[in-house]
file upload32.cif (mmCIF, C-alpha atoms)
data_structure
loop_
_atom_site.label_atom_id
_atom_site.label_comp_id
_atom_site.auth_asym_id
_atom_site.auth_seq_id
_atom_site.Cartn_x
_atom_site.Cartn_y
_atom_site.Cartn_z
CA MET A 1 13.04 -0.26 16.17
CA ARG A 2 10.92 -0.50 19.29
CA VAL A 3 10.76 2.31 21.80
CA ALA A 4 11.65 1.57 25.39
CA ALA A 5 8.81 0.06 27.43
CA ARG A 6 8.66 3.06 29.72
CA ALA A 7 8.28 5.43 26.78
CA ALA A 8 5.58 3.24 25.27
CA ALA A 9 3.63 3.41 28.52
CA ALA A 10 3.86 7.18 28.42
CA VAL A 11 2.39 7.18 24.92
CA VAL A 12 -0.62 5.20 26.08
CA ALA A 13 -1.14 7.62 28.94
CA ALA A 14 -0.51 10.92 27.20
CA GLY A 15 -0.35 10.36 23.44
CA TRP A 16 3.10 11.97 23.11
CA CYS A 17 6.62 11.16 24.19
CA LEU A 18 10.25 11.79 23.41
CA ALA A 19 11.69 8.29 23.06
CA ALA A 20 15.06 6.79 22.27
CA VAL A 21 14.87 4.17 19.53
CA ALA A 22 16.90 1.02 19.95
CA GLY A 23 19.79 0.82 17.51
CA GLY A 24 23.09 2.38 16.58
CA ALA A 25 24.24 5.90 15.91
CA ASP A 26 22.28 6.01 12.66
CA ASP A 27 19.07 6.15 14.69
CA ALA A 28 20.00 9.49 16.32
CA PRO A 29 18.46 11.92 16.98
CA ALA A 30 15.65 10.54 19.14
CA TRP A 31 12.26 9.99 17.59
CA ARG A 32 9.16 11.71 18.91
CA GLU A 33 5.99 9.67 18.90
CA HIS A 34 2.27 10.25 18.52
CA ALA A 35 -0.06 7.27 19.06
CA THR A 36 -3.60 6.62 17.81
CA ASP A 37 -5.76 3.51 18.17
CA HIS A 38 -3.94 1.57 15.44
CA PHE A 39 -0.83 3.61 14.56
CA ARG A 40 2.33 5.08 16.08
CA VAL A 41 3.69 8.04 14.14
CA LEU A 42 7.44 8.48 14.71
CA PHE A 43 9.10 11.70 13.60
CA VAL A 44 12.08 13.92 14.33
CA GLY A 45 11.75 17.50 15.51
CA GLU A 46 8.90 19.86 14.79
CA PRO A 47 6.15 20.45 13.94
CA ALA A 48 4.24 17.99 16.09
CA ALA A 49 1.04 18.96 14.25
CA ALA A 50 2.25 17.02 11.20
CA ALA A 51 2.30 13.79 13.20
CA THR A 52 -1.16 14.46 14.62
CA SER A 53 -2.47 15.04 11.12
CA ALA A 54 -0.81 11.86 9.86
CA GLY A 55 -2.34 9.80 12.66
CA THR A 56 -5.82 11.17 11.98
CA ALA A 57 -5.48 10.50 8.25
CA ALA A 58 -4.18 6.97 8.87
CA GLU A 59 -7.19 6.05 11.02
CA ARG A 60 -9.56 7.45 8.40
CA HIS A 61 -7.90 5.48 5.59
CA TYR A 62 -7.80 2.33 7.73
CA SER A 63 -11.60 2.33 8.10
CA ARG A 64 -12.28 3.33 4.49
CA ILE A 65 -9.98 0.71 2.96
CA ALA A 66 -11.44 -2.10 5.05
CA THR A 67 -14.96 -1.10 4.02
CA GLU A 68 -14.24 -0.64 0.31
CA LEU A 69 -12.35 -3.92 -0.05
CA GLY A 70 -14.57 -5.91 2.27
CA LEU A 71 -11.59 -6.80 4.45
CA SER A 72 -11.85 -7.90 8.03
CA ARG A 73 -9.94 -5.37 10.12
CA PRO A 74 -6.71 -6.61 11.69
CA GLY A 75 -8.33 -5.71 15.03
CA GLN A 76 -6.31 -6.41 18.16
CA SER A 77 -3.22 -7.29 16.11
CA TRP A 78 -2.94 -3.56 15.30
CA ARG A 79 -3.59 -2.36 18.86
CA TRP A 80 -1.43 -1.42 21.82
CA ASP A 81 2.15 -2.67 21.38
CA ARG A 82 1.25 -4.01 17.92
CA ARG A 83 0.25 -0.66 16.47
CA VAL A 84 1.57 -0.09 12.96
CA VAL A 85 4.51 2.32 12.94
CA ILE A 86 4.51 5.25 10.51
CA ARG A 87 8.12 6.41 10.45
CA LEU A 88 8.56 9.89 9.00
CA TYR A 89 12.20 10.41 8.09
CA PRO A 90 13.33 14.04 8.16
CA SER A 91 14.40 14.03 4.50
CA GLU A 92 14.31 11.97 1.32
CA ASP A 93 18.03 11.27 1.68
CA ALA A 94 17.51 9.91 5.19
CA PHE A 95 14.65 7.73 3.97
CA ARG A 96 16.67 6.22 1.11
CA ALA A 97 19.75 5.67 3.26
CA ALA A 98 17.73 3.80 5.88
CA THR A 99 15.43 1.77 3.61
CA ARG A 100 17.55 1.35 0.44
CA ALA A 101 14.38 2.05 -1.51
CA PRO A 102 14.73 2.39 -5.30
CA GLU A 103 14.83 5.84 -6.84
CA TRP A 104 11.19 5.76 -7.92
CA ALA A 105 9.78 4.69 -4.53
CA VAL A 106 8.23 7.39 -2.33
CA GLY A 107 7.34 5.09 0.56
CA ARG A 108 7.83 1.56 1.81
CA ALA A 109 5.82 -0.88 3.92
CA SER A 110 7.23 -3.83 5.86
CA ALA A 111 4.78 -6.50 6.98
CA ARG A 112 7.52 -8.10 9.08
CA LEU A 113 8.20 -4.89 11.01
CA GLN A 114 4.58 -3.67 10.89
CA GLU A 115 6.01 -0.38 9.67
CA ILE A 116 5.42 2.23 6.99
CA ALA A 117 8.37 4.42 6.07
CA CYS A 118 8.37 7.69 4.14
CA TRP A 119 9.74 11.18 4.63
CA ALA A 120 8.21 14.34 6.01
CA GLY A 121 7.26 17.21 3.76
CA GLN A 122 6.02 15.32 0.70
CA ALA A 123 3.18 17.28 -0.85
CA GLY A 124 -0.12 15.43 -0.52
CA TRP A 125 1.46 12.31 0.97
CA GLU A 126 -1.42 11.74 3.41
CA GLU A 127 -3.74 11.07 0.46
CA SER A 128 -1.23 9.13 -1.65
CA VAL A 129 1.69 7.41 0.08
CA LEU A 130 -0.21 6.81 3.31
CA PRO A 131 -3.31 4.99 1.96
CA HIS A 132 -1.09 3.12 -0.51
CA GLU A 133 1.17 1.69 2.18
CA ILE A 134 -1.64 1.04 4.66
CA THR A 135 -3.36 -1.00 1.96
CA HIS A 136 -0.17 -3.01 1.47
CA LEU A 137 -0.17 -4.01 5.14
CA MET A 138 -3.91 -4.70 5.26
CA LEU A 139 -3.72 -6.89 2.15
CA ARG A 140 -0.81 -8.83 3.61
CA ALA A 141 -2.71 -9.37 6.86
CA TYR A 142 -5.77 -10.55 4.91
CA LEU A 143 -4.14 -12.61 2.16
CA GLY A 144 -1.40 -14.16 4.29
CA GLN A 145 2.23 -14.80 3.45
CA GLU A 146 1.93 -17.54 0.83
CA PRO A 147 1.40 -17.83 -1.98
CA ASP A 148 2.28 -14.29 -2.98
CA PRO A 149 -0.43 -12.75 -5.18
CA PRO A 150 0.81 -11.21 -8.44
CA ALA A 151 2.58 -7.89 -7.97
CA TRP A 152 0.37 -6.13 -10.54
CA PHE A 153 -2.73 -7.08 -8.56
CA VAL A 154 -1.38 -5.91 -5.21
CA GLU A 155 0.03 -2.67 -6.61
CA GLY A 156 -3.14 -2.02 -8.55
CA VAL A 157 -5.28 -2.35 -5.42
CA THR A 158 -2.96 -0.19 -3.32
CA GLN A 159 -3.05 2.57 -5.93
CA TRP A 160 -6.82 2.28 -6.29
CA MET A 161 -7.05 3.29 -2.63
CA GLU A 162 -5.30 6.58 -3.50
CA PRO A 163 -7.99 9.10 -4.52
CA ASP A 164 -5.91 10.84 -7.21
CA ARG A 165 -4.64 7.59 -8.75
CA ARG A 166 -8.18 6.25 -8.84
CA ALA A 167 -9.44 9.34 -10.64
CA ALA A 168 -6.65 9.07 -13.21
CA ALA A 169 -6.74 5.28 -13.67
CA ASP A 170 -8.35 5.26 -17.12
CA GLU A 171 -5.98 7.87 -18.49
CA ALA A 172 -3.08 5.93 -16.99
CA GLY A 173 -4.19 2.86 -18.92
CA ARG A 174 -4.58 4.82 -22.15
CA TRP A 175 -1.05 6.17 -21.75
CA VAL A 176 0.31 2.64 -21.35
CA LEU A 177 -1.47 1.47 -24.49
CA ARG A 178 -0.61 4.59 -26.48
CA GLU A 179 3.09 4.31 -25.62
CA GLY A 180 3.18 0.61 -26.40
CA ARG A 181 4.23 -0.26 -22.84
CA SER A 182 1.45 -2.67 -21.93
CA VAL A 183 2.81 -5.90 -20.43
CA PRO A 184 1.20 -8.93 -22.13
CA ALA A 185 -1.20 -10.94 -20.00
CA GLU A 186 0.94 -14.06 -20.03
CA GLN A 187 3.83 -12.10 -18.47
CA LEU A 188 1.96 -10.00 -15.91
CA ASN A 189 1.41 -12.65 -13.25
CA GLY A 190 5.10 -13.57 -13.23
CA MET A 191 6.45 -10.06 -12.73
CA ALA A 192 7.91 -9.15 -9.35
CA ALA A 193 9.30 -6.03 -7.71
CA ARG A 194 12.82 -6.92 -8.82
CA ASP A 195 11.67 -6.46 -12.43
CA LEU A 196 10.95 -2.77 -11.81
CA ALA A 197 14.44 -1.33 -11.40
CA ASP A 198 14.02 0.95 -14.43
CA PRO A 199 11.92 4.04 -13.52
CA VAL A 200 10.12 4.20 -16.89
CA ALA A 201 9.24 0.50 -16.80
CA ALA A 202 8.07 0.90 -13.20
CA THR A 203 5.84 3.84 -14.17
CA ALA A 204 4.25 1.84 -16.98
CA PHE A 205 3.75 -1.22 -14.77
CA TYR A 206 2.08 0.77 -11.99
CA ARG A 207 -0.18 2.60 -14.43
CA GLN A 208 -1.27 -0.61 -16.10
CA ALA A 209 -1.88 -2.20 -12.70
CA VAL A 210 -4.18 0.51 -11.36
CA SER A 211 -6.06 0.69 -14.64
CA LEU A 212 -6.67 -3.07 -14.65
CA VAL A 213 -7.90 -3.02 -11.06
CA GLY A 214 -10.17 -0.08 -11.88
CA PHE A 215 -11.62 -2.13 -14.73
CA LEU A 216 -12.33 -5.00 -12.33
CA PHE A 217 -14.04 -2.68 -9.85
CA ARG A 218 -16.28 -1.26 -12.56
CA HIS A 219 -17.29 -4.73 -13.72
CA GLY A 220 -18.89 -6.06 -10.60
CA GLY A 221 -18.31 -3.43 -7.95
CA SER A 222 -16.83 -3.78 -4.49
CA GLU A 223 -18.83 -6.87 -3.57
CA ARG A 224 -17.56 -8.93 -6.48
CA PHE A 225 -14.04 -7.60 -6.07
CA GLY A 226 -14.17 -8.72 -2.45
CA ARG A 227 -15.09 -12.18 -3.73
CA LEU A 228 -12.03 -12.08 -5.99
CA LEU A 229 -9.84 -11.21 -3.01
CA ARG A 230 -11.24 -14.15 -1.07
CA GLN A 231 -10.39 -16.51 -3.92
CA VAL A 232 -6.82 -15.21 -4.00
CA ARG A 233 -6.61 -15.53 -0.21
CA ASP A 234 -7.76 -19.14 -0.44
CA GLY A 235 -4.88 -19.99 -2.74
CA LYS A 236 -6.40 -19.89 -6.21
CA THR A 237 -4.24 -18.71 -9.08
CA MET A 238 -5.22 -15.35 -10.55
CA GLU A 239 -6.75 -17.02 -13.61
CA ALA A 240 -8.79 -19.42 -11.47
CA ALA A 241 -9.89 -16.56 -9.22
CA LEU A 242 -11.00 -14.53 -12.24
CA ARG A 243 -12.95 -17.47 -13.69
CA PHE A 244 -14.72 -18.05 -10.38
CA THR A 245 -15.55 -14.38 -9.80
CA TYR A 246 -16.38 -13.25 -13.34
CA PRO A 247 -17.47 -16.51 -15.05
CA GLU A 248 -19.43 -14.79 -17.80
CA THR A 249 -16.71 -12.45 -19.03
CA LEU A 250 -13.22 -13.01 -17.60
CA ARG A 251 -12.17 -16.61 -17.86
CA SER A 252 -8.48 -15.88 -18.31
CA MET A 253 -5.86 -13.17 -18.01
CA LYS A 254 -6.07 -12.80 -21.78
CA ASP A 255 -9.79 -12.02 -21.48
CA LEU A 256 -8.96 -9.37 -18.90
CA GLU A 257 -6.28 -7.81 -21.09
CA THR A 258 -8.49 -7.80 -24.19
CA ARG A 259 -11.60 -6.37 -22.53
CA TRP A 260 -9.59 -3.78 -20.60
CA ALA A 261 -7.85 -2.51 -23.74
CA LYS A 262 -11.10 -2.42 -25.72
CA GLU A 263 -12.87 -0.40 -23.05
CA LEU A 264 -10.11 2.21 -23.13
CA GLU A 265 -10.21 2.68 -26.91
#
call {"tool": "encode", "arguments": {"input": "upload32.cif", "output": "structure tokens"}}
result
Amino acid sequence: MRVAARAAAAVVAAGWCLAAVAGGADDAPAWREHATDHFRVLFVGEPAAAATSAGTAAERHYSRIATELGLSRPGQSWRWDRRVVIRLYPSEDAFRAATRAPEWAVGRASARLQEIACWAGQAGWEESVLPHEITHLMLRAYLGQEPDPPAWFVEGVTQWMEPDRRAAADEAGRWVLREGRSVPAEQLNGMAARDLADPVAATAFYRQAVSLVGFLFRHGGSERFGRLLRQVRDGKTMEAALRFTYPETLRSMKDLETRWAKELE
């Protein structure tokens, strides 16, 4: 999915180009490109202003997320020919055909490709899908490839970086508890994306995840949450990372589940 070298050089010089993307007939028509310091926004057709807006929003979220989570910025690994691609498909159908994303997914991030995929025209996507998927890539760059942190933790953090999801996190948790859809603590750490094929189960899982992460942020703030991230990065299990970071109150996943539920009563 790389643009030709000549087209890439034109982007560096002028910010815009009309570039052919390597691949088969499914890649037609050609993608237009807008480049910022850390991102390349690829889109089809007009308006070009949408790509400019997306690039500006992406840079803003990039700085904010790094600051709030205490992450070291990917730096040069996200510069020049290693910029992260934001690929805006022209429609939801085109997005799903290309990515094979499940029905409930509204975006997708690939650490291997350094690419975020979504479709143009989603209402409010710059403040929802975009920070969510940027956080996915930044967490992967910070935490490394192995071992994989629990899915609830990653998805909770990525949602917490979405302003609207953050504001609604407590109510999301109350809904999960009220509907009897809370996943028990002993099962949470073992759940993976493949367990979320059912849209209702996926909704409940994501709501519980962001509510749990919100609870952790409130009980210690960004500094302590950054310490938790470092423990996970260094290979500790989630329970061990919780014990190290919150030794007075959260010595197990069960403690987290119990205190979270009680706070939302």
call {"tool": "residues_around", "arguments": {"input": "upload32.cif", "residues": "Arg178 of chain A", "least_positions_apart": "6", "cutoff": "12 Å", "atoms": "only C-alpha atoms", "output": "VMD selection string"}}
result
chain A and resid 171 to 172 204 208 261 264 to 265
call {"tool": "atom_distance", "arguments": {"input": "upload32.cif", "atom1": "atom CA of Ile65 of chain A", "atom2": "atom CA of Val84 of chain A"}}
result
15.3 Å
call {"tool": "closest_residue", "arguments": {"input": "upload32.cif", "among": "A:Arg233, A:Glu239, A:Asp198, A:Trp160", "to": "Arg218 of chain A", "atoms": "all atoms listed in the file"}}
result
A:Trp160
call {"tool": "closest_residue", "arguments": {"input": "upload32.cif", "among": "A:Glu127, A:Arg32, A:Thr245, A:Gly190", "to": "Thr56 of chain A", "atoms": "only C-alpha atoms"}}
result
A:Glu127
call {"tool": "resolve_selection", "arguments": {"input": "upload32.cif", "expression": "the PyMOL selection byres ((chain A and resi 219) around 12)", "output": "JSON, numbers by chain"}}
result
{"A": [212, 213, 214, 215, 216, 217, 218, 220, 221, 222, 223, 224, 225, 228, 242, 245, 246, 247, 248, 249, 250, 256, 259, 260, 263]}
call {"tool": "atom_distance", "arguments": {"input": "upload32.cif", "atom1": "atom CA of Gly107 of chain A", "atom2": "atom CA of Ser128 of chain A"}}
result
9.7 Å
call {"tool": "residues_around", "arguments": {"input": "upload32.cif", "residues": "Ile116 of chain A", "least_positions_apart": "5", "cutoff": "7 Å", "atoms": "only C-alpha atoms", "output": "count of residues only"}}
result
7
call {"tool": "residues_around", "arguments": {"input": "upload32.cif", "residues": "Ile134 of chain A", "least_positions_apart": "3", "cutoff": "8 Å", "atoms": "all atoms listed in the file", "output": "list in words"}}
result
Ala58, His61, Tyr62, Ala109, Ile116, Leu130, Pro131, Leu137 and Met138 of chain A
call {"tool": "resolve_selection", "arguments": {"input": "upload32.cif", "expression": "the PyMOL selection byres ((chain A and resi 122) around 12)", "output": "ChimeraX atom specification"}}
result
/A:50,54,88-92,95,106-107,118-121,123-130
call {"tool": "closest_residue", "arguments": {"input": "upload32.cif", "among": "A:Tyr142, A:Phe244, A:Trp175, A:Trp152", "to": "Ala66 of chain A", "atoms": "only C-alpha atoms"}}
result
A:Tyr142
call {"tool": "closest_residue", "arguments": {"input": "upload32.cif", "among": "A:Gly235, A:Pro184, A:Gly226, A:Gly156", "to": "Ala169 of chain A", "atoms": "only C-alpha atoms"}}
result
A:Gly156
call {"tool": "residues_around", "arguments": {"input": "upload32.cif", "residues": "Phe205 of chain A", "least_positions_apart": "6", "cutoff": "12 Å", "atoms": "all atoms listed in the file", "output": "number ranges by chain"}}
result
A: 151-156, 159, 172-173, 175-177, 180-184, 187-189, 191-193, 195-199, 211-212
call {"tool": "decode", "arguments": {"input": "upload32.cif", "residues": "segment 165-191 of chain A", "atoms": "N, CA and C atoms", "output": "PDB file, in the first residue's frame"}}
result
ATOM      1  N   ARG A 165     -16.654   9.263  24.805  1.00  0.00           N
ATOM      2  CA  ARG A 165     -16.659   8.005  25.561  1.00  0.00           C
ATOM      3  C   ARG A 165     -16.184   8.245  26.991  1.00  0.00           C
ATOM      4  N   ARG A 166     -15.224   9.120  27.151  1.00  0.00           N
ATOM      5  CA  ARG A 166     -14.737   9.434  28.495  1.00  0.00           C
ATOM      6  C   ARG A 166     -15.853  10.049  29.329  1.00  0.00           C
ATOM      7  N   ALA A 167     -16.569  10.997  28.741  1.00  0.00           N
ATOM      8  CA  ALA A 167     -17.639  11.668  29.474  1.00  0.00           C
ATOM      9  C   ALA A 167     -18.750  10.702  29.872  1.00  0.00           C
ATOM     10  N   ALA A 168     -18.951   9.661  29.073  1.00  0.00           N
ATOM     11  CA  ALA A 168     -20.049   8.719  29.321  1.00  0.00           C
ATOM     12  C   ALA A 168     -19.590   7.432  29.993  1.00  0.00           C
ATOM     13  N   ALA A 169     -18.344   7.378  30.460  1.00  0.00           N
ATOM     14  CA  ALA A 169     -17.784   6.117  30.961  1.00  0.00           C
ATOM     15  C   ALA A 169     -18.544   5.568  32.164  1.00  0.00           C
ATOM     16  N   ASP A 170     -18.895   6.432  33.111  1.00  0.00           N
ATOM     17  CA  ASP A 170     -19.603   5.946  34.298  1.00  0.00           C
ATOM     18  C   ASP A 170     -20.975   5.389  33.933  1.00  0.00           C
ATOM     19  N   GLU A 171     -21.685   6.095  33.083  1.00  0.00           N
ATOM     20  CA  GLU A 171     -23.008   5.612  32.683  1.00  0.00           C
ATOM     21  C   GLU A 171     -22.885   4.314  31.892  1.00  0.00           C
ATOM     22  N   ALA A 172     -21.817   4.192  31.109  1.00  0.00           N
ATOM     23  CA  ALA A 172     -21.583   2.944  30.380  1.00  0.00           C
ATOM     24  C   ALA A 172     -21.423   1.784  31.354  1.00  0.00           C
ATOM     25  N   GLY A 173     -20.665   2.013  32.432  1.00  0.00           N
ATOM     26  CA  GLY A 173     -20.484   0.966  33.430  1.00  0.00           C
ATOM     27  C   GLY A 173     -21.779   0.619  34.143  1.00  0.00           C
ATOM     28  N   ARG A 174     -22.574   1.626  34.444  1.00  0.00           N
ATOM     29  CA  ARG A 174     -23.859   1.366  35.114  1.00  0.00           C
ATOM     30  C   ARG A 174     -24.781   0.552  34.212  1.00  0.00           C
ATOM     31  N   TRP A 175     -24.760   0.840  32.921  1.00  0.00           N
ATOM     32  CA  TRP A 175     -25.580   0.065  31.983  1.00  0.00           C
ATOM     33  C   TRP A 175     -25.162  -1.403  31.997  1.00  0.00           C
ATOM     34  N   VAL A 176     -23.863  -1.651  31.976  1.00  0.00           N
ATOM     35  CA  VAL A 176     -23.358  -3.025  31.988  1.00  0.00           C
ATOM     36  C   VAL A 176     -23.835  -3.758  33.236  1.00  0.00           C
ATOM     37  N   LEU A 177     -23.727  -3.102  34.383  1.00  0.00           N
ATOM     38  CA  LEU A 177     -24.140  -3.733  35.637  1.00  0.00           C
ATOM     39  C   LEU A 177     -25.655  -3.907  35.696  1.00  0.00           C
ATOM     40  N   ARG A 178     -26.377  -2.900  35.240  1.00  0.00           N
ATOM     41  CA  ARG A 178     -27.843  -2.949  35.281  1.00  0.00           C
ATOM     42  C   ARG A 178     -28.394  -4.057  34.388  1.00  0.00           C
ATOM     43  N   GLU A 179     -27.753  -4.265  33.239  1.00  0.00           N
ATOM     44  CA  GLU A 179     -28.210  -5.276  32.288  1.00  0.00           C
ATOM     45  C   GLU A 179     -27.653  -6.666  32.583  1.00  0.00           C
ATOM     46  N   GLY A 180     -26.851  -6.767  33.627  1.00  0.00           N
ATOM     47  CA  GLY A 180     -26.277  -8.063  33.977  1.00  0.00           C
ATOM     48  C   GLY A 180     -25.273  -8.577  32.962  1.00  0.00           C
ATOM     49  N   ARG A 181     -24.554  -7.663  32.302  1.00  0.00           N
ATOM     50  CA  ARG A 181     -23.618  -8.056  31.252  1.00  0.00           C
ATOM     51  C   ARG A 181     -22.159  -7.855  31.645  1.00  0.00           C
ATOM     52  N   SER A 182     -21.907  -7.641  32.915  1.00  0.00           N
ATOM     53  CA  SER A 182     -20.532  -7.492  33.375  1.00  0.00           C
ATOM     54  C   SER A 182     -19.787  -8.824  33.252  1.00  0.00           C
ATOM     55  N   VAL A 183     -18.596  -8.782  32.674  1.00  0.00           N
ATOM     56  CA  VAL A 183     -17.762  -9.986  32.568  1.00  0.00           C
ATOM     57  C   VAL A 183     -17.009 -10.155  33.882  1.00  0.00           C
ATOM     58  N   PRO A 184     -17.089 -11.320  34.525  1.00  0.00           N
ATOM     59  CA  PRO A 184     -16.384 -11.527  35.793  1.00  0.00           C
ATOM     60  C   PRO A 184     -14.882 -11.309  35.652  1.00  0.00           C
ATOM     61  N   ALA A 185     -14.279 -10.852  36.744  1.00  0.00           N
ATOM     62  CA  ALA A 185     -12.863 -10.501  36.730  1.00  0.00           C
ATOM     63  C   ALA A 185     -11.982 -11.640  36.256  1.00  0.00           C
ATOM     64  N   GLU A 186     -12.306 -12.857  36.682  1.00  0.00           N
ATOM     65  CA  GLU A 186     -11.438 -13.985  36.337  1.00  0.00           C
ATOM     66  C   GLU A 186     -11.481 -14.326  34.851  1.00  0.00           C
ATOM     67  N   GLN A 187     -12.483 -13.795  34.129  1.00  0.00           N
ATOM     68  CA  GLN A 187     -12.587 -14.049  32.691  1.00  0.00           C
ATOM     69  C   GLN A 187     -12.049 -12.900  31.840  1.00  0.00           C
ATOM     70  N   LEU A 188     -12.039 -11.700  32.397  1.00  0.00           N
ATOM     71  CA  LEU A 188     -11.708 -10.517  31.606  1.00  0.00           C
ATOM     72  C   LEU A 188     -10.344 -10.614  30.932  1.00  0.00           C
ATOM     73  N   ASN A 189      -9.319 -10.974  31.704  1.00  0.00           N
ATOM     74  CA  ASN A 189      -7.965 -10.957  31.157  1.00  0.00           C
ATOM     75  C   ASN A 189      -7.769 -11.959  30.026  1.00  0.00           C
ATOM     76  N   GLY A 190      -8.613 -12.981  29.968  1.00  0.00           N
ATOM     77  CA  GLY A 190      -8.458 -13.993  28.928  1.00  0.00           C
ATOM     78  C   GLY A 190      -9.259 -13.729  27.674  1.00  0.00           C
ATOM     79  N   MET A 191     -10.065 -12.675  27.672  1.00  0.00           N
ATOM     80  CA  MET A 191     -10.894 -12.399  26.503  1.00  0.00           C
ATOM     81  C   MET A 191     -10.077 -11.731  25.405  1.00  0.00           C
TER      82      MET A 191
END
